[in-house]
>>> print(open('data.pdb').read())   # PDB, C-alpha atoms
ATOM      1  CA  MET A   1     130.726 128.034 -26.373
ATOM      2  CA  ARG A   2     128.993 128.910 -29.593
ATOM      3  CA  ALA A   3     129.824 129.760 -33.192
ATOM      4  CA  GLU A   4     127.837 130.881 -36.206
ATOM      5  CA  ILE A   5     127.691 128.369 -39.035
ATOM      6  CA  SER A   6     129.024 129.822 -42.285
ATOM      7  CA  ALA A   7     127.885 126.836 -44.339
ATOM      8  CA  LEU A   8     126.549 123.303 -44.165
ATOM      9  CA  CYS A   9     127.981 121.161 -46.921
ATOM     10  CA  ILE A  10     127.229 117.933 -48.734
ATOM     11  CA  GLY A  11     128.794 115.921 -51.539
ATOM     12  CA  GLN A  12     128.356 112.844 -53.674
ATOM     13  CA  PRO A  13     130.961 110.321 -54.831
ATOM     14  CA  GLN A  14     132.971 111.561 -57.809
ATOM     15  CA  PRO A  15     135.988 110.166 -59.698
ATOM     16  CA  PHE A  16     139.004 110.928 -57.542
ATOM     17  CA  ASN A  17     142.037 108.770 -58.229
ATOM     18  CA  GLY A  18     141.703 106.843 -61.446
ATOM     19  CA  VAL A  19     138.722 104.529 -60.985
ATOM     20  CA  GLU A  20     138.425 105.327 -57.266
ATOM     21  CA  LEU A  21     135.568 107.479 -56.020
ATOM     22  CA  SER A  22     135.447 109.998 -53.167
ATOM     23  CA  ALA A  23     132.926 112.468 -51.742
ATOM     24  CA  ILE A  24     135.586 114.735 -50.199
ATOM     25  CA  GLY A  25     134.648 117.447 -52.694
ATOM     26  CA  LYS A  26     131.631 118.993 -50.977
ATOM     27  CA  TYR A  27     129.609 122.164 -51.616
ATOM     28  CA  PRO A  28     127.404 124.451 -49.467
ATOM     29  CA  VAL A  29     123.681 123.767 -49.218
ATOM     30  CA  GLN A  30     121.303 126.637 -49.873
ATOM     31  CA  GLY A  31     118.559 126.843 -47.240
ATOM     32  CA  PRO A  32     117.653 124.338 -44.521
ATOM     33  CA  VAL A  33     119.046 120.803 -44.637
ATOM     34  CA  ALA A  34     117.826 117.797 -42.684
ATOM     35  CA  ILE A  35     120.330 116.187 -40.307
ATOM     36  CA  ARG A  36     119.671 112.450 -40.038
ATOM     37  CA  ASP A  37     121.313 109.802 -37.867
ATOM     38  CA  ILE A  38     123.728 108.976 -40.706
ATOM     39  CA  GLY A  39     124.433 112.571 -41.703
ATOM     40  CA  LEU A  40     123.200 115.540 -43.699
ATOM     41  CA  GLU A  41     120.502 114.798 -46.244
ATOM     42  CA  GLY A  42     122.089 114.547 -49.671
ATOM     43  CA  ASP A  43     125.577 113.800 -48.336
ATOM     44  CA  MET A  44     127.025 110.470 -49.410
ATOM     45  CA  VAL A  45     130.070 108.311 -48.681
ATOM     46  CA  ALA A  46     132.120 106.543 -51.349
ATOM     47  CA  ASP A  47     134.385 104.408 -49.134
ATOM     48  CA  THR A  48     131.911 102.764 -46.761
ATOM     49  CA  LYS A  49     134.677 100.601 -45.257
ATOM     50  CA  HIS A  50     136.490 103.566 -43.702
ATOM     51  CA  HIS A  51     133.859 106.310 -43.648
ATOM     52  CA  GLY A  52     130.226 106.828 -42.762
ATOM     53  CA  GLY A  53     127.926 105.277 -40.203
ATOM     54  CA  PRO A  54     126.371 106.763 -37.050
ATOM     55  CA  ASP A  55     129.700 107.595 -35.359
ATOM     56  CA  MET A  56     130.943 109.481 -38.444
ATOM     57  CA  ALA A  57     127.680 111.154 -39.379
ATOM     58  CA  VAL A  58     128.833 114.793 -39.495
ATOM     59  CA  HIS A  59     132.375 116.044 -40.115
ATOM     60  CA  HIS A  60     133.673 119.331 -38.674
ATOM     61  CA  TYR A  61     137.010 120.837 -39.716
ATOM     62  CA  PRO A  62     137.793 124.224 -38.118
ATOM     63  CA  LEU A  63     137.832 127.195 -40.460
ATOM     64  CA  ASP A  64     140.400 128.601 -37.988
ATOM     65  CA  HIS A  65     143.087 126.427 -39.611
ATOM     66  CA  TYR A  66     142.676 127.757 -43.141
ATOM     67  CA  GLY A  67     145.022 130.706 -42.668
ATOM     68  CA  TRP A  68     147.727 128.456 -41.218
ATOM     69  CA  TRP A  69     147.385 126.049 -44.147
ATOM     70  CA  ASN A  70     147.473 128.904 -46.637
ATOM     71  CA  ASP A  71     150.756 130.135 -45.157
ATOM     72  CA  ARG A  72     152.220 126.636 -45.024
ATOM     73  CA  LEU A  73     151.256 125.758 -48.579
ATOM     74  CA  GLY A  74     152.202 129.150 -49.984
ATOM     75  CA  GLY A  75     148.624 129.759 -51.034
ATOM     76  CA  HIS A  76     146.149 127.324 -52.559
ATOM     77  CA  GLU A  77     142.919 127.953 -54.438
ATOM     78  CA  LEU A  78     141.054 125.313 -52.424
ATOM     79  CA  LEU A  79     141.588 127.452 -49.319
ATOM     80  CA  THR A  80     139.840 130.476 -50.820
ATOM     81  CA  ALA A  81     136.412 128.972 -50.111
ATOM     82  CA  ALA A  82     135.321 126.293 -47.672
ATOM     83  CA  PRO A  83     134.826 123.368 -47.597
ATOM     84  CA  ALA A  84     138.379 122.421 -48.572
ATOM     85  CA  PHE A  85     138.768 119.393 -46.273
ATOM     86  CA  GLY A  86     135.531 117.572 -46.989
ATOM     87  CA  GLU A  87     133.804 119.003 -43.926
ATOM     88  CA  ASN A  88     130.055 119.200 -43.450
ATOM     89  CA  ILE A  89     130.227 122.092 -40.963
ATOM     90  CA  VAL A  90     132.043 125.341 -41.716
ATOM     91  CA  ALA A  91     132.509 127.489 -38.605
ATOM     92  CA  GLN A  92     135.088 129.731 -36.932
ATOM     93  CA  GLY A  93     136.050 129.747 -33.251
ATOM     94  CA  ILE A  94     135.778 126.079 -32.285
ATOM     95  CA  THR A  95     138.925 123.945 -32.539
ATOM     96  CA  GLU A  96     140.314 120.602 -31.406
ATOM     97  CA  GLN A  97     141.886 122.296 -28.382
ATOM     98  CA  ASN A  98     138.619 123.486 -26.851
ATOM     99  CA  VAL A  99     136.206 120.633 -27.534
ATOM    100  CA  HIS A 100     136.107 117.197 -25.937
ATOM    101  CA  ILE A 101     135.012 113.695 -26.739
ATOM    102  CA  GLY A 102     131.337 113.555 -25.799
ATOM    103  CA  ASP A 103     130.637 117.294 -25.988
ATOM    104  CA  ARG A 104     127.064 117.914 -27.126
ATOM    105  CA  PHE A 105     126.125 120.746 -29.463
ATOM    106  CA  ARG A 106     122.766 122.091 -30.542
ATOM    107  CA  LEU A 107     122.676 122.898 -34.246
ATOM    108  CA  GLY A 108     119.313 124.182 -35.391
ATOM    109  CA  SER A 109     116.867 121.592 -34.100
ATOM    110  CA  ALA A 110     119.438 118.761 -34.176
ATOM    111  CA  LEU A 111     121.606 117.595 -31.281
ATOM    112  CA  LEU A 112     125.136 116.429 -32.093
ATOM    113  CA  GLU A 113     127.773 114.685 -29.943
ATOM    114  CA  ILE A 114     131.509 114.509 -30.660
ATOM    115  CA  SER A 115     132.384 110.852 -31.198
ATOM    116  CA  GLN A 116     136.000 110.795 -32.454
ATOM    117  CA  PRO A 117     138.819 112.763 -34.078
ATOM    118  CA  ARG A 118     139.192 112.437 -37.819
ATOM    119  CA  GLN A 119     142.075 110.200 -38.839
ATOM    120  CA  PRO A 120     143.836 111.879 -41.796
ATOM    121  CA  CYS A 121     144.520 109.857 -44.932
ATOM    122  CA  TRP A 122     146.163 110.181 -48.332
ATOM    123  CA  LYS A 123     143.019 111.683 -49.887
ATOM    124  CA  ILE A 124     143.764 115.080 -48.353
ATOM    125  CA  GLU A 125     147.168 115.211 -50.044
ATOM    126  CA  HIS A 126     145.715 113.959 -53.323
ATOM    127  CA  ARG A 127     142.974 116.595 -53.236
ATOM    128  CA  PHE A 128     145.468 119.406 -52.592
ATOM    129  CA  GLN A 129     148.231 117.826 -54.712
ATOM    130  CA  ARG A 130     150.681 118.553 -51.901
ATOM    131  CA  LYS A 131     152.840 116.099 -49.965
ATOM    132  CA  GLY A 132     153.395 116.317 -46.217
ATOM    133  CA  MET A 133     149.900 117.418 -45.188
ATOM    134  CA  VAL A 134     149.114 114.248 -43.245
ATOM    135  CA  LYS A 135     152.395 114.556 -41.359
ATOM    136  CA  ALA A 136     151.607 118.198 -40.553
ATOM    137  CA  ILE A 137     148.163 117.275 -39.232
ATOM    138  CA  ILE A 138     149.692 114.635 -36.969
ATOM    139  CA  GLN A 139     152.342 117.017 -35.661
ATOM    140  CA  ASN A 140     149.954 119.924 -35.064
ATOM    141  CA  HIS A 141     146.865 117.920 -34.028
ATOM    142  CA  THR A 142     144.697 119.819 -36.530
ATOM    143  CA  CYS A 143     142.630 116.754 -37.354
ATOM    144  CA  GLY A 144     139.015 117.866 -37.167
ATOM    145  CA  TRP A 145     136.386 115.561 -35.704
ATOM    146  CA  TYR A 146     133.128 113.698 -36.219
ATOM    147  CA  TYR A 147     129.746 113.986 -34.546
ATOM    148  CA  ARG A 148     127.098 111.361 -34.004
ATOM    149  CA  VAL A 149     123.500 112.578 -34.195
ATOM    150  CA  ILE A 150     121.667 112.258 -30.876
ATOM    151  CA  GLU A 151     118.494 114.007 -32.063
ATOM    152  CA  GLU A 152     117.645 114.402 -35.721
ATOM    153  CA  GLY A 153     116.596 117.832 -36.912
ATOM    154  CA  ALA A 154     117.412 120.533 -39.453
ATOM    155  CA  ALA A 155     119.725 123.538 -39.704
ATOM    156  CA  GLU A 156     121.008 126.098 -42.178
ATOM    157  CA  ALA A 157     123.822 128.577 -42.663
ATOM    158  CA  GLY A 158     123.553 131.394 -40.133
ATOM    159  CA  ASP A 159     122.372 129.095 -37.325
ATOM    160  CA  GLU A 160     124.502 128.800 -34.201
ATOM    161  CA  LEU A 161     126.418 125.732 -33.116
ATOM    162  CA  GLU A 162     126.137 125.904 -29.323
ATOM    163  CA  ARG A 163     127.731 123.578 -26.782
ATOM    164  CA  ILE A 164     125.106 122.598 -24.237
ATOM    165  CA  GLU A 165     126.968 119.795 -22.441
ATOM    166  CA  THR A 166     130.646 118.990 -21.883
ATOM    167  CA  GLY A 167     131.738 115.385 -22.288
ATOM    168  CA  HIS A 168     135.018 113.828 -21.094
ATOM    169  CA  THR A 169     136.596 117.009 -19.733
ATOM    170  CA  ASP A 170     140.141 115.590 -19.551
ATOM    171  CA  TRP A 171     140.079 114.476 -23.166
ATOM    172  CA  SER A 172     140.002 117.234 -25.720
ATOM    173  CA  VAL A 173     139.938 116.104 -29.328
ATOM    174  CA  ALA A 174     143.493 117.430 -29.710
ATOM    175  CA  ARG A 175     144.806 115.520 -26.688
ATOM    176  CA  LEU A 176     143.223 112.238 -27.711
ATOM    177  CA  PHE A 177     144.479 112.540 -31.278
ATOM    178  CA  ALA A 178     147.985 113.413 -30.082
ATOM    179  CA  LYS A 179     148.153 110.476 -27.679
ATOM    180  CA  LEU A 180     147.163 107.975 -30.348
ATOM    181  CA  TYR A 181     148.883 109.387 -33.461
ATOM    182  CA  ASP A 182     151.730 111.750 -32.589
ATOM    183  CA  PRO A 183     154.897 109.807 -31.628
ATOM    184  CA  LYS A 184     156.095 112.807 -29.603
ATOM    185  CA  HIS A 185     153.022 112.584 -27.363
ATOM    186  CA  LYS A 186     152.647 108.822 -27.143
ATOM    187  CA  ALA A 187     150.105 107.684 -24.563
ATOM    188  CA  SER A 188     151.298 106.029 -21.378
ATOM    189  CA  LEU A 189     149.895 102.671 -20.321
ATOM    190  CA  ASP A 190     147.611 104.401 -17.822
ATOM    191  CA  GLU A 191     146.374 106.792 -20.487
ATOM    192  CA  LEU A 192     145.633 103.923 -22.863
ATOM    193  CA  HIS A 193     143.544 102.229 -20.188
ATOM    194  CA  GLU A 194     141.726 105.510 -19.625
ATOM    195  CA  ILE A 195     141.065 105.955 -23.345
ATOM    196  CA  ALA A 196     139.711 102.422 -23.598
ATOM    197  CA  GLU A 197     137.061 103.311 -21.007
ATOM    198  CA  LEU A 198     135.909 106.619 -22.532
ATOM    199  CA  GLU A 199     132.188 105.958 -22.756
ATOM    200  CA  LYS A 200     131.490 108.595 -25.411
ATOM    201  CA  LEU A 201     134.409 107.638 -27.666
ATOM    202  CA  CYS A 202     133.275 105.605 -30.650
ATOM    203  CA  ALA A 203     133.416 101.827 -30.197
ATOM    204  CA  LEU A 204     135.876 101.358 -33.073
ATOM    205  CA  TRP A 205     138.591 103.479 -31.460
ATOM    206  CA  ARG A 206     138.041 101.960 -28.008
ATOM    207  CA  THR A 207     138.306  98.478 -29.524
ATOM    208  CA  LYS A 208     141.580  99.349 -31.255
ATOM    209  CA  VAL A 209     143.052 100.603 -27.981
ATOM    210  CA  ARG A 210     141.894  97.514 -26.096
ATOM    211  CA  GLU A 211     143.437  95.290 -28.765
ATOM    212  CA  ALA A 212     146.709  97.211 -28.409
ATOM    213  CA  LEU A 213     146.527  96.584 -24.656
ATOM    214  CA  GLY A 214     145.874  92.904 -25.277
ATOM    215  CA  SER A 215     142.573  92.972 -23.417
TER     216      SER A 215
END
>>> encode(input="data.pdb", output="structure tokens")
Amino acid sequence: MRAEISALCIGQPQPFNGVELSAIGKYPVQGPVAIRDIGLEGDMVADTKHHGGPDMAVHHYPLDHYGWWNDRLGGHELLTAAPAFGENIVAQGITEQNVHIGDRFRLGSALLEISQPRQPCWKIEHRFQRKGMVKAIIQNHTCGWYYRVIEEGAAEAGDELERIETGHTDWSVARLFAKLYDPKHKASLDELHEIAELEKLCALWRTKVREALGS
């Protein structure tokens, strides 16, 4: 599996909701950008309690979903040019359905590994000024995901994102997200135990599942 990168994007904290700051408003980088263990050089996080760190170093939201969102929202200017969802990677042809927790991708000279789905929050709806987007993400499992950086390197628009190793083959990003967030696809007890033991899933999510199991 491979896809050409349309853009690599960064952002800095900006006023977002009154006195609150957010770096969800990102912009494409011109030329090569370094990819460090905490993310793309020049990219920053405003809410360090809920975002950032090695397991949330690089955010990928599929460009494939933009058309669906445009139809659902009846058009929106944010969808005319990526990144609309605060993503670092803009690419077509790779979605939550066909990638797995622990999949490894070569991007330029960097090596990335999928660590967790993205948990949607109110900031998406505030950015778009539309209600119901979080609910739609949960129902359709169009969450996006995060990578951790296994090998630091550099990349630029036009490079390929190529999967070189498949992780937990039974656990696509879409399936994991659905089992933990969509009430219609609630995980069974056996599935929760399996999720808790997914070696490549970030420690935070495994801990939450183990706490829910009482172990």
>>> atom_distance(input="data.pdb", atom1="CA of Glu125 (chain A)", atom2="CA of Asp64 (chain A)")
19.2 Å
>>> resolve_selection(input="data.pdb", expression="the PyMOL selection byres ((chain A and resi 173) around 7)", output="list in words")
Glu96, Gln97, Val99, His100, Ile101, Pro117, Trp171, Ser172, Ala174, Arg175, Leu176 and Phe177 of chain A
>>> closest_residue(input="data.pdb", among="A:Leu40, A:Leu107, A:Ala34, A:Ile94", to="Gly158 (chain A)", atoms="only C-alpha atoms")
A:Leu107
>>> resolve_selection(input="data.pdb", expression="the PyMOL selection byres ((chain A and resi 65) around 12)", output="NGL selection string")
:A and (60-64 or 66-72 or 79 or 82-85 or 90-96 or 136-137 or 140-144)
>>> residues_near_point(input="data.pdb", point="(143.8, 96.1, -27.5)", cutoff="12 Å", atoms="only C-alpha atoms", output="VMD selection string")
chain A and resid 189 192 to 193 195 to 197 204 to 215
>>> resolve_selection(input="data.pdb", expression="the PyMOL selection byres ((chain A and resi 1) around 12)", output="ChimeraX atom specification")
/A:2-4,92-95,98-99,103-106,160-166
>>> atom_distance(input="data.pdb", atom1="CA of Gln12 (chain A)", atom2="CA of Val33 (chain A)")
15.2 Å
>>> atom_distance(input="data.pdb", atom1="CA of Pro32 (chain A)", atom2="CA of Pro54 (chain A)")
21.0 Å
>>> residues_near_point(input="data.pdb", point="(133.4, 114.0, -46.6)", cutoff="6 Å", atoms="all atoms listed in the file", output="PyMOL selection string")
chain A and resi 23-24+86-87
>>> residues_around(input="data.pdb", residues="Lys26 (chain A)", least_positions_apart="3", cutoff="6 Å", atoms="only C-alpha atoms", output="ChimeraX atom specification")
/A:9-11,86
>>> write_last_selection(input="data.pdb", atoms="C-alpha atoms", output="PDB file, in the coordinates of the input")
ATOM      1  CA  CYS A   9     127.981 121.161 -46.921  1.00  0.00           C
ATOM      2  CA  ILE A  10     127.229 117.933 -48.734  1.00  0.00           C
ATOM      3  CA  GLY A  11     128.794 115.921 -51.539  1.00  0.00           C
ATOM      4  CA  GLY A  86     135.531 117.572 -46.989  1.00  0.00           C
TER       5      GLY A  86
END
>>> closest_residue(input="data.pdb", among="A:Ser115, A:Ile138, A:Glu194, A:Ile124", to="Asn17 (chain A)", atoms="all atoms listed in the file")
A:Ile124
>>> closest_residue(input="data.pdb", among="A:Ala203, A:Tyr147, A:Ala7, A:Phe16", to="Ala81 (chain A)", atoms="all atoms listed in the file")
A:Ala7
>>> closest_residue(input="data.pdb", among="A:Ala155, A:Leu201, A:Ile38, A:Ala178", to="Gly102 (chain A)", atoms="all atoms listed in the file")
A:Leu201
>>> closest_residue(input="data.pdb", among="A:Gly39, A:Val134, A:Gly108, A:Glu156", to="Pro120 (chain A)", atoms="only C-alpha atoms")
A:Val134
